[in-house]
file coords-v9.pdb (PDB, C-alpha atoms)
MODEL        1
ATOM      1  CA  MET F 280      20.524  -7.598  13.436
ATOM      2  CA  ASP F 281      19.131  -6.944  16.920
ATOM      3  CA  LYS F 282      16.448  -9.600  16.417
ATOM      4  CA  ILE F 283      19.004 -12.157  15.199
ATOM      5  CA  LEU F 284      21.286 -11.645  18.199
ATOM      6  CA  THR F 285      18.472 -11.707  20.751
ATOM      7  CA  ALA F 286      17.045 -14.822  19.080
ATOM      8  CA  ILE F 287      20.408 -16.583  19.447
ATOM      9  CA  PHE F 288      21.586 -15.310  22.834
ATOM     10  CA  GLY F 289      18.352 -14.147  24.466
ATOM     11  CA  SER F 290      19.293 -11.571  27.103
ATOM     12  CA  ASN F 291      22.761 -13.026  27.695
ATOM     13  CA  SER F 292      24.843 -10.034  26.628
ATOM     14  CA  ILE F 293      27.993 -11.532  28.162
ATOM     15  CA  LEU F 294      27.875 -14.668  26.023
ATOM     16  CA  ALA F 295      27.074 -12.597  22.931
ATOM     17  CA  THR F 296      30.010 -10.280  23.616
ATOM     18  CA  ILE F 297      32.441 -13.176  24.098
ATOM     19  CA  PHE F 298      31.233 -14.995  20.980
ATOM     20  CA  VAL F 299      31.296 -11.944  18.697
ATOM     21  CA  ALA F 300      34.769 -11.011  19.978
ATOM     22  CA  MET F 301      36.030 -14.398  18.774
ATOM     23  CA  LEU F 302      34.928 -13.746  15.181
ATOM     24  CA  PRO F 303      37.520 -12.598  12.611
ATOM     25  CA  LEU F 304      37.373  -8.963  11.484
ATOM     26  CA  ILE F 305      34.722  -8.051  14.096
ATOM     27  CA  GLU F 306      36.656  -9.119  17.209
ATOM     28  CA  LEU F 307      36.601  -6.915  20.311
ATOM     29  CA  LYS F 308      36.364  -3.736  18.221
ATOM     30  CA  GLY F 309      32.792  -4.688  17.362
ATOM     31  CA  ALA F 310      32.060  -6.729  20.482
ATOM     32  CA  ILE F 311      32.530  -3.837  22.920
ATOM     33  CA  PRO F 312      29.919  -1.557  21.289
ATOM     34  CA  LEU F 313      27.675  -4.616  21.023
ATOM     35  CA  GLY F 314      27.984  -5.414  24.740
ATOM     36  CA  VAL F 315      26.988  -1.891  25.829
ATOM     37  CA  SER F 316      24.247  -1.546  23.206
ATOM     38  CA  PRO F 317      20.799  -0.456  24.489
ATOM     39  CA  MET F 318      19.358  -3.422  22.587
ATOM     40  CA  TRP F 319      20.089  -5.572  25.676
ATOM     41  CA  GLY F 320      17.948  -3.394  27.926
ATOM     42  CA  ASP F 321      18.713  -3.992  31.603
ATOM     43  CA  ALA F 322      21.160  -6.764  30.613
ATOM     44  CA  ALA F 323      23.422  -4.298  28.773
ATOM     45  CA  LEU F 324      26.992  -4.232  30.073
ATOM     46  CA  ASN F 325      28.822  -1.143  31.213
ATOM     47  CA  THR F 326      31.824  -0.146  29.130
ATOM     48  CA  TRP F 327      34.507  -1.831  31.249
ATOM     49  CA  GLN F 328      32.491  -5.023  31.638
ATOM     50  CA  ALA F 329      32.137  -5.132  27.855
ATOM     51  CA  PHE F 330      35.875  -4.533  27.552
ATOM     52  CA  ALA F 331      36.720  -7.397  29.937
ATOM     53  CA  TRP F 332      34.447  -9.973  28.273
ATOM     54  CA  ALA F 333      35.360  -8.876  24.743
ATOM     55  CA  LEU F 334      39.063  -9.044  25.604
ATOM     56  CA  LEU F 335      38.578 -12.552  26.978
ATOM     57  CA  GLY F 336      36.729 -13.734  23.877
ATOM     58  CA  SER F 337      39.155 -12.249  21.386
ATOM     59  CA  CYS F 338      42.195 -13.543  23.289
ATOM     60  CA  LEU F 339      40.864 -17.106  23.427
ATOM     61  CA  VAL F 340      41.572 -17.578  19.721
ATOM     62  CA  VAL F 341      45.174 -16.310  19.881
ATOM     63  CA  PRO F 342      46.915 -19.504  21.147
ATOM     64  CA  ILE F 343      44.804 -21.639  18.809
ATOM     65  CA  ILE F 344      45.827 -19.622  15.750
ATOM     66  CA  ALA F 345      49.445 -19.429  16.930
ATOM     67  CA  LEU F 346      49.603 -23.230  17.148
ATOM     68  CA  LEU F 347      47.646 -24.186  14.027
ATOM     69  CA  PHE F 348      48.267 -21.427  11.484
ATOM     70  CA  ARG F 349      51.723 -22.458  10.242
ATOM     71  CA  PRO F 350      50.987 -26.157   9.544
ATOM     72  CA  ILE F 351      47.597 -25.356   7.979
ATOM     73  CA  TYR F 352      49.106 -22.521   5.927
ATOM     74  CA  ASN F 353      51.947 -24.715   4.633
ATOM     75  CA  TRP F 354      49.556 -27.530   3.746
ATOM     76  CA  LEU F 355      47.040 -25.293   1.941
ATOM     77  CA  LYS F 356      49.806 -23.709  -0.154
ATOM     78  CA  THR F 357      50.556 -27.136  -1.663
ATOM     79  CA  LYS F 358      46.976 -27.463  -2.948
ATOM     80  CA  LYS F 359      46.273 -25.543  -6.140
ATOM     81  CA  PHE F 360      42.612 -24.887  -5.321
ATOM     82  CA  PHE F 361      43.280 -23.600  -1.793
ATOM     83  CA  LYS F 362      46.423 -21.655  -2.735
ATOM     84  CA  THR F 363      44.327 -18.943  -4.408
ATOM     85  CA  ILE F 364      42.176 -18.619  -1.291
ATOM     86  CA  VAL F 365      45.224 -18.515   0.976
ATOM     87  CA  ASP F 366      46.876 -15.836  -1.191
ATOM     88  CA  PHE F 367      43.690 -13.772  -1.031
ATOM     89  CA  ILE F 368      43.307 -14.042   2.749
ATOM     90  CA  VAL F 369      46.901 -13.710   3.987
ATOM     91  CA  GLY F 370      48.840 -12.752   0.856
ATOM     92  CA  ASP F 371      49.326  -9.136   1.931
ATOM     93  CA  VAL F 372      50.363 -10.172   5.435
ATOM     94  CA  ALA F 373      52.850 -12.704   4.035
ATOM     95  CA  LYS F 374      54.422 -10.072   1.748
ATOM     96  CA  ARG F 375      54.622  -7.583   4.617
ATOM     97  CA  SER F 376      56.284 -10.133   6.890
ATOM     98  CA  ASP F 377      58.796 -11.052   4.157
ATOM     99  CA  LYS F 378      59.614  -7.361   3.742
ATOM    100  CA  ILE F 379      60.158  -6.866   7.484
ATOM    101  CA  ASN F 380      62.326  -9.989   7.696
ATOM    102  CA  ALA F 381      64.421  -8.750   4.748
ATOM    103  CA  GLU F 382      64.832  -5.254   6.231
ATOM    104  CA  ASN F 383      65.936  -6.657   9.598
ATOM    105  CA  GLN F 384      68.307  -9.237   8.159
ATOM    106  CA  ASN F 385      71.465  -7.314   9.084
ATOM    107  CA  LYS F 386      70.345  -6.325  12.588
ATOM    108  CA  THR F 387      71.283  -8.169  15.762
ATOM    109  CA  SER F 388      69.018 -10.965  16.957
ATOM    110  CA  ALA F 389      67.773  -9.029  19.991
ATOM    111  CA  ARG F 390      67.066  -5.908  17.940
ATOM    112  CA  LYS F 391      65.240  -7.921  15.271
ATOM    113  CA  LEU F 392      63.119  -9.591  17.929
ATOM    114  CA  TRP F 393      62.081  -6.318  19.579
ATOM    115  CA  LEU F 394      61.331  -4.633  16.266
ATOM    116  CA  LYS F 395      59.052  -7.531  15.316
ATOM    117  CA  ILE F 396      57.335  -7.457  18.708
ATOM    118  CA  ILE F 397      56.718  -3.714  18.443
ATOM    119  CA  ALA F 398      55.457  -4.111  14.873
ATOM    120  CA  ILE F 399      52.934  -6.771  15.954
ATOM    121  CA  PHE F 400      51.888  -4.795  19.039
ATOM    122  CA  LEU F 401      51.186  -1.606  17.056
ATOM    123  CA  PHE F 402      49.539  -3.515  14.212
ATOM    124  CA  VAL F 403      47.006  -5.174  16.536
ATOM    125  CA  ALA F 404      46.497  -2.060  18.678
ATOM    126  CA  PHE F 405      45.269   0.023  15.719
ATOM    127  CA  PRO F 406      41.441  -0.097  16.007
ATOM    128  CA  VAL F 407      40.365  -0.669  12.404
ATOM    129  CA  PRO F 408      39.041  -3.763  10.591
ATOM    130  CA  GLY F 409      41.740  -6.176   9.444
ATOM    131  CA  THR F 410      44.320  -5.428  12.135
ATOM    132  CA  GLY F 411      43.024  -7.570  14.979
ATOM    133  CA  VAL F 412      44.173 -10.728  16.714
ATOM    134  CA  TRP F 413      43.442 -13.045  13.789
ATOM    135  CA  THR F 414      45.585 -11.148  11.298
ATOM    136  CA  GLY F 415      48.101 -10.105  13.942
ATOM    137  CA  THR F 416      48.718 -13.667  15.102
ATOM    138  CA  CYS F 417      49.192 -14.882  11.522
ATOM    139  CA  PHE F 418      51.529 -11.939  10.969
ATOM    140  CA  ALA F 419      53.576 -12.841  14.055
ATOM    141  CA  VAL F 420      53.884 -16.494  13.030
ATOM    142  CA  LEU F 421      55.058 -15.506   9.540
ATOM    143  CA  LEU F 422      57.629 -13.195  11.133
ATOM    144  CA  GLY F 423      59.045 -16.227  12.934
ATOM    145  CA  LEU F 424      58.069 -15.296  16.485
ATOM    146  CA  ASN F 425      57.654 -18.246  18.827
ATOM    147  CA  PHE F 426      54.379 -19.226  20.473
ATOM    148  CA  TRP F 427      54.750 -17.324  23.752
ATOM    149  CA  VAL F 428      56.162 -14.145  22.228
ATOM    150  CA  THR F 429      53.369 -14.173  19.647
ATOM    151  CA  CYS F 430      50.697 -14.537  22.331
ATOM    152  CA  VAL F 431      52.143 -11.785  24.545
ATOM    153  CA  ALA F 432      52.620  -9.274  21.691
ATOM    154  CA  VAL F 433      49.174  -9.887  20.188
ATOM    155  CA  ILE F 434      47.286  -9.891  23.493
ATOM    156  CA  ALA F 435      49.054  -6.703  24.650
ATOM    157  CA  GLY F 436      48.183  -4.928  21.402
ATOM    158  CA  ASN F 437      44.633  -6.249  21.616
ATOM    159  CA  ALA F 438      44.271  -4.905  25.154
ATOM    160  CA  LEU F 439      45.368  -1.423  24.073
ATOM    161  CA  CYS F 440      42.948  -1.560  21.143
ATOM    162  CA  GLY F 441      40.185  -2.524  23.580
ATOM    163  CA  VAL F 442      41.036   0.380  25.878
ATOM    164  CA  ILE F 443      40.786   2.820  22.946
ATOM    165  CA  VAL F 444      37.408   1.449  21.830
ATOM    166  CA  THR F 445      36.124   1.374  25.429
ATOM    167  CA  PHE F 446      37.191   4.992  25.965
ATOM    168  CA  VAL F 447      35.293   6.069  22.836
ATOM    169  CA  CYS F 448      32.180   4.167  23.982
ATOM    170  CA  GLN F 449      32.423   5.727  27.444
ATOM    171  CA  VAL F 450      32.795   9.270  26.105
ATOM    172  CA  PHE F 451      30.026   8.839  23.531
ATOM    173  CA  PRO F 452      27.596   6.300  25.089
ATOM    174  CA  GLN F 453      24.649   7.609  23.096
ATOM    175  CA  ILE F 454      26.157   6.520  19.765
ATOM    176  CA  THR F 455      27.343   3.004  20.572
ATOM    177  CA  ASP F 456      24.810   1.473  18.165
ATOM    178  CA  ILE F 457      25.969   3.892  15.460
ATOM    179  CA  LEU F 458      29.605   2.969  16.142
ATOM    180  CA  LEU F 459      28.760  -0.724  15.727
ATOM    181  CA  VAL F 460      26.957  -0.104  12.429
ATOM    182  CA  VAL F 461      29.802   2.092  11.154
ATOM    183  CA  PHE F 462      32.319  -0.579  12.091
ATOM    184  CA  LEU F 463      30.340  -3.278  10.255
ATOM    185  CA  ILE F 464      30.123  -1.032   7.192
ATOM    186  CA  LEU F 465      33.897  -0.532   7.343
ATOM    187  CA  ILE F 466      34.368  -4.307   7.410
ATOM    188  CA  VAL F 467      32.283  -4.654   4.233
ATOM    189  CA  LEU F 468      34.223  -1.824   2.555
ATOM    190  CA  VAL F 469      37.555  -3.403   3.528
ATOM    191  CA  LEU F 470      36.471  -6.753   2.097
ATOM    192  CA  VAL F 471      35.232  -5.164  -1.140
ATOM    193  CA  ALA F 472      38.457  -3.174  -1.493
ATOM    194  CA  LYS F 473      40.508  -6.316  -0.873
ATOM    195  CA  ILE F 474      38.556  -8.279  -3.500
ATOM    196  CA  VAL F 475      38.866  -5.495  -6.091
ATOM    197  CA  THR F 476      42.591  -5.082  -5.391
ATOM    198  CA  HIS F 477      43.135  -8.839  -5.643
ATOM    199  CA  VAL F 478      41.314  -9.027  -8.997
ATOM    200  CA  ILE F 479      43.268  -6.053 -10.388
ATOM    201  CA  LYS F 480      46.595  -7.584  -9.330
ATOM    202  CA  LYS F 481      45.669 -10.906 -10.935
ATOM    203  CA  ARG F 482      44.715  -9.198 -14.198
ATOM    204  CA  ARG F 483      47.900  -7.132 -14.239
ATOM    205  CA  ALA F 484      49.967 -10.241 -13.578
ATOM    206  CA  GLY F 485      48.185 -11.988 -16.450
ATOM    207  CA  VAL F 486      48.865  -9.055 -18.797
ATOM    208  CA  VAL F 487      52.559  -8.999 -17.851
ATOM    209  CA  GLU F 488      52.853 -12.746 -18.459
ATOM    210  CA  ASN F 489      51.211 -12.414 -21.887
ATOM    211  CA  VAL F 490      53.460  -9.510 -22.861
ATOM    212  CA  THR F 491      56.549 -11.400 -21.714
ATOM    213  CA  ALA F 492      55.491 -14.493 -23.628
ATOM    214  CA  ASN F 493      54.861 -12.467 -26.806
ATOM    215  CA  GLU F 494      58.228 -10.712 -26.529
ATOM    216  CA  TYR F 495      59.956 -14.050 -26.076
ATOM    217  CA  GLN F 496      58.262 -15.464 -29.173
ATOM    218  CA  THR F 497      59.163 -12.349 -31.180
ATOM    219  CA  ASP F 498      62.819 -12.401 -30.106
ATOM    220  CA  ALA F 499      63.241 -16.138 -30.554
ATOM    221  CA  PRO F 500      65.371 -17.061 -33.646
ATOM    222  CA  GLU F 501      63.409 -18.580 -36.505
ATOM    223  CA  ALA F 502      63.989 -22.264 -37.074
ATOM    224  CA  LYS F 503      65.920 -23.011 -40.290
TER     225      LYS F 503
ENDMDL
END
call {"tool": "encode", "arguments": {"input": "coords-v9.pdb", "output": "structure tokens"}}
result
Amino acid sequence: MDKILTAIFGSNSILATIFVAMLPLIELKGAIPLGVSPMWGDAALNTWQAFAWALLGSCLVVPIIALLFRPIYNWLKTKKFFKTIVDFIVGDVAKRSDKINAENQNKTSARKLWLKIIAIFLFVAFPVPGTGVWTGTCFAVLLGLNFWVTCVAVIAGNALCGVIVTFVCQVFPQITDILLVVFLILIVLVLVAKIVTHVIKKRRAGVVENVTANEYQTDAPEAK
């Protein structure tokens, strides 16, 4: 991995940090340990420099996703081939947003808005794979938050997440490379778990449909 990054970015740790922070799943949670990694030698960033550049990179994608996610999401859902992919990627987020919207249906508009903002803020601030700006922005759009509120809530949560990761890197500077590897392993585990869960749900849904169809055929009156 070190050789790949140095081959692409040379000794430019700033550019590498910004670019990696823009990637889904990795985002600033992986970019900060990368920026301070000893692999950069004298070009390695200090913890707060890594935080600043990683925050910039990860926040750059927020307005883009906030603007484009809804129309792309609606269009892909109309295509049978892409619908399966969309359900796999954002299906859980869509269900969660529907649940939150249903639970807040009877609350006042102002209260609903603040509850959604807090939900997005805390969701993005939690420093684990799958809860970053990519997922958080999609989540906010599905909750019905407008462009500016989405950007503010996601970026604020992202900043807090960055502060937590930066604090850990500052307290334990000798294990930043280990933290990066552990984080990448967690990403793989999250993806595997998501794939397995998705397959199990599809199989269960297929079994239920077959059982329902068989019961309907059994209960149907025989033709005379």
call {"tool": "closest_residue", "arguments": {"input": "coords-v9.pdb", "among": "F:Leu347, F:Val315, F:Ala322, F:Val403", "to": "Ile454 (chain F)", "atoms": "all atoms listed in the file"}}
result
F:Val315
call {"tool": "closest_residue", "arguments": {"input": "coords-v9.pdb", "among": "F:Pro317, F:Pro350, F:Gly289, F:Pro406", "to": "Ala438 (chain F)", "atoms": "all atoms listed in the file"}}
result
F:Pro406
call {"tool": "atom_distance", "arguments": {"input": "coords-v9.pdb", "atom1": "CA of Ala329 (chain F)", "atom2": "CA of Gly314 (chain F)"}}
result
5.2 Å
call {"tool": "residues_near_point", "arguments": {"input": "coords-v9.pdb", "point": "(46.8, -4.9, 19.4)", "cutoff": "8 Å", "atoms": "all atoms listed in the file", "output": "MDAnalysis selection string"}}
result
chainID F and resid 399:406 410:412 415 432:440
call {"tool": "closest_residue", "arguments": {"input": "coords-v9.pdb", "among": "F:Thr326, F:Ser292, F:Ser337, F:Thr357", "to": "Val447 (chain F)", "atoms": "all atoms listed in the file"}}
result
F:Thr326
call {"tool": "atom_distance", "arguments": {"input": "coords-v9.pdb", "atom1": "CA of Ala310 (chain F)", "atom2": "CA of Cys430 (chain F)"}}
result
20.3 Å
call {"tool": "closest_residue", "arguments": {"input": "coords-v9.pdb", "among": "F:Val471, F:Ile351, F:Ile443, F:Asn291", "to": "Asp321 (chain F)", "atoms": "only C-alpha atoms"}}
result
F:Asn291
call {"tool": "resolve_selection", "arguments": {"input": "coords-v9.pdb", "expression": "the PyMOL selection byres ((chain F and resi 423) around 12)", "output": "ChimeraX atom specification"}}
result
/F:345,349,373,376-377,379-380,388,391-392,395-396,399,416-422,424-429
call {"tool": "write_last_selection", "arguments": {"input": "coords-v9.pdb", "atoms": "C-alpha atoms", "output": "mmCIF file, keeping the file's coordinate frame"}}
result
data_model
loop_
_atom_site.group_PDB
_atom_site.id
_atom_site.type_symbol
_atom_site.label_atom_id
_atom_site.label_comp_id
_atom_site.auth_asym_id
_atom_site.auth_seq_id
_atom_site.Cartn_x
_atom_site.Cartn_y
_atom_site.Cartn_z
ATOM 1 C CA ALA F 345 49.445 -19.429 16.930
ATOM 2 C CA ARG F 349 51.723 -22.458 10.242
ATOM 3 C CA ALA F 373 52.850 -12.704 4.035
ATOM 4 C CA SER F 376 56.284 -10.133 6.890
ATOM 5 C CA ASP F 377 58.796 -11.052 4.157
ATOM 6 C CA ILE F 379 60.158 -6.866 7.484
ATOM 7 C CA ASN F 380 62.326 -9.989 7.696
ATOM 8 C CA SER F 388 69.018 -10.965 16.957
ATOM 9 C CA LYS F 391 65.240 -7.921 15.271
ATOM 10 C CA LEU F 392 63.119 -9.591 17.929
ATOM 11 C CA LYS F 395 59.052 -7.531 15.316
ATOM 12 C CA ILE F 396 57.335 -7.457 18.708
ATOM 13 C CA ILE F 399 52.934 -6.771 15.954
ATOM 14 C CA THR F 416 48.718 -13.667 15.102
ATOM 15 C CA CYS F 417 49.192 -14.882 11.522
ATOM 16 C CA PHE F 418 51.529 -11.939 10.969
ATOM 17 C CA ALA F 419 53.576 -12.841 14.055
ATOM 18 C CA VAL F 420 53.884 -16.494 13.030
ATOM 19 C CA LEU F 421 55.058 -15.506 9.540
ATOM 20 C CA LEU F 422 57.629 -13.195 11.133
ATOM 21 C CA LEU F 424 58.069 -15.296 16.485
ATOM 22 C CA ASN F 425 57.654 -18.246 18.827
ATOM 23 C CA PHE F 426 54.379 -19.226 20.473
ATOM 24 C CA TRP F 427 54.750 -17.324 23.752
ATOM 25 C CA VAL F 428 56.162 -14.145 22.228
ATOM 26 C CA THR F 429 53.369 -14.173 19.647
#
call {"tool": "residues_around", "arguments": {"input": "coords-v9.pdb", "residues": "Gln328 (chain F)", "least_positions_apart": "3", "cutoff": "10 Å", "atoms": "all atoms listed in the file", "output": "list in words"}}
result
Ile293, Thr296, Ile311, Gly314, Val315, Ala323, Leu324, Asn325, Ala331, Trp332, Ala333, Leu334 and Thr445 of chain F
call {"tool": "write_last_selection", "arguments": {"input": "coords-v9.pdb", "atoms": "C-alpha atoms", "output": "JSON list (two decimals), keeping the file's coordinate frame"}}
result
[["chain", "number", "residue", "atom", "x", "y", "z"],
["F", 293, "ILE", "CA", 27.99, -11.53, 28.16],
["F", 296, "THR", "CA", 30.01, -10.28, 23.62],
["F", 311, "ILE", "CA", 32.53, -3.84, 22.92],
["F", 314, "GLY", "CA", 27.98, -5.41, 24.74],
["F", 315, "VAL", "CA", 26.99, -1.89, 25.83],
["F", 323, "ALA", "CA", 23.42, -4.30, 28.77],
["F", 324, "LEU", "CA", 26.99, -4.23, 30.07],
["F", 325, "ASN", "CA", 28.82, -1.14, 31.21],
["F", 331, "ALA", "CA", 36.72, -7.40, 29.94],
["F", 332, "TRP", "CA", 34.45, -9.97, 28.27],
["F", 333, "ALA", "CA", 35.36, -8.88, 24.74],
["F", 334, "LEU", "CA", 39.06, -9.04, 25.60],
["F", 445, "THR", "CA", 36.12, 1.37, 25.43]]
call {"tool": "closest_residue", "arguments": {"input": "coords-v9.pdb", "among": "F:Pro408, F:Gly320, F:Trp413, F:Val299", "to": "Phe348 (chain F)", "atoms": "only C-alpha atoms"}}
result
F:Trp413
call {"tool": "closest_residue", "arguments": {"input": "coords-v9.pdb", "among": "F:Leu335, F:Leu346, F:Val407, F:Ile297", "to": "Ile466 (chain F)", "atoms": "all atoms listed in the file"}}
result
F:Val407
call {"tool": "atom_distance", "arguments": {"input": "coords-v9.pdb", "atom1": "CA of Ile479 (chain F)", "atom2": "CA of Gly409 (chain F)"}}
result
19.9 Å
call {"tool": "residues_around", "arguments": {"input": "coords-v9.pdb", "residues": "Val469 (chain F)", "least_positions_apart": "4", "cutoff": "12 Å", "atoms": "all atoms listed in the file", "output": "JSON, numbers by chain"}}
result
{"F": [304, 305, 407, 408, 409, 410, 462, 463, 464, 465, 473, 474, 475, 476]}
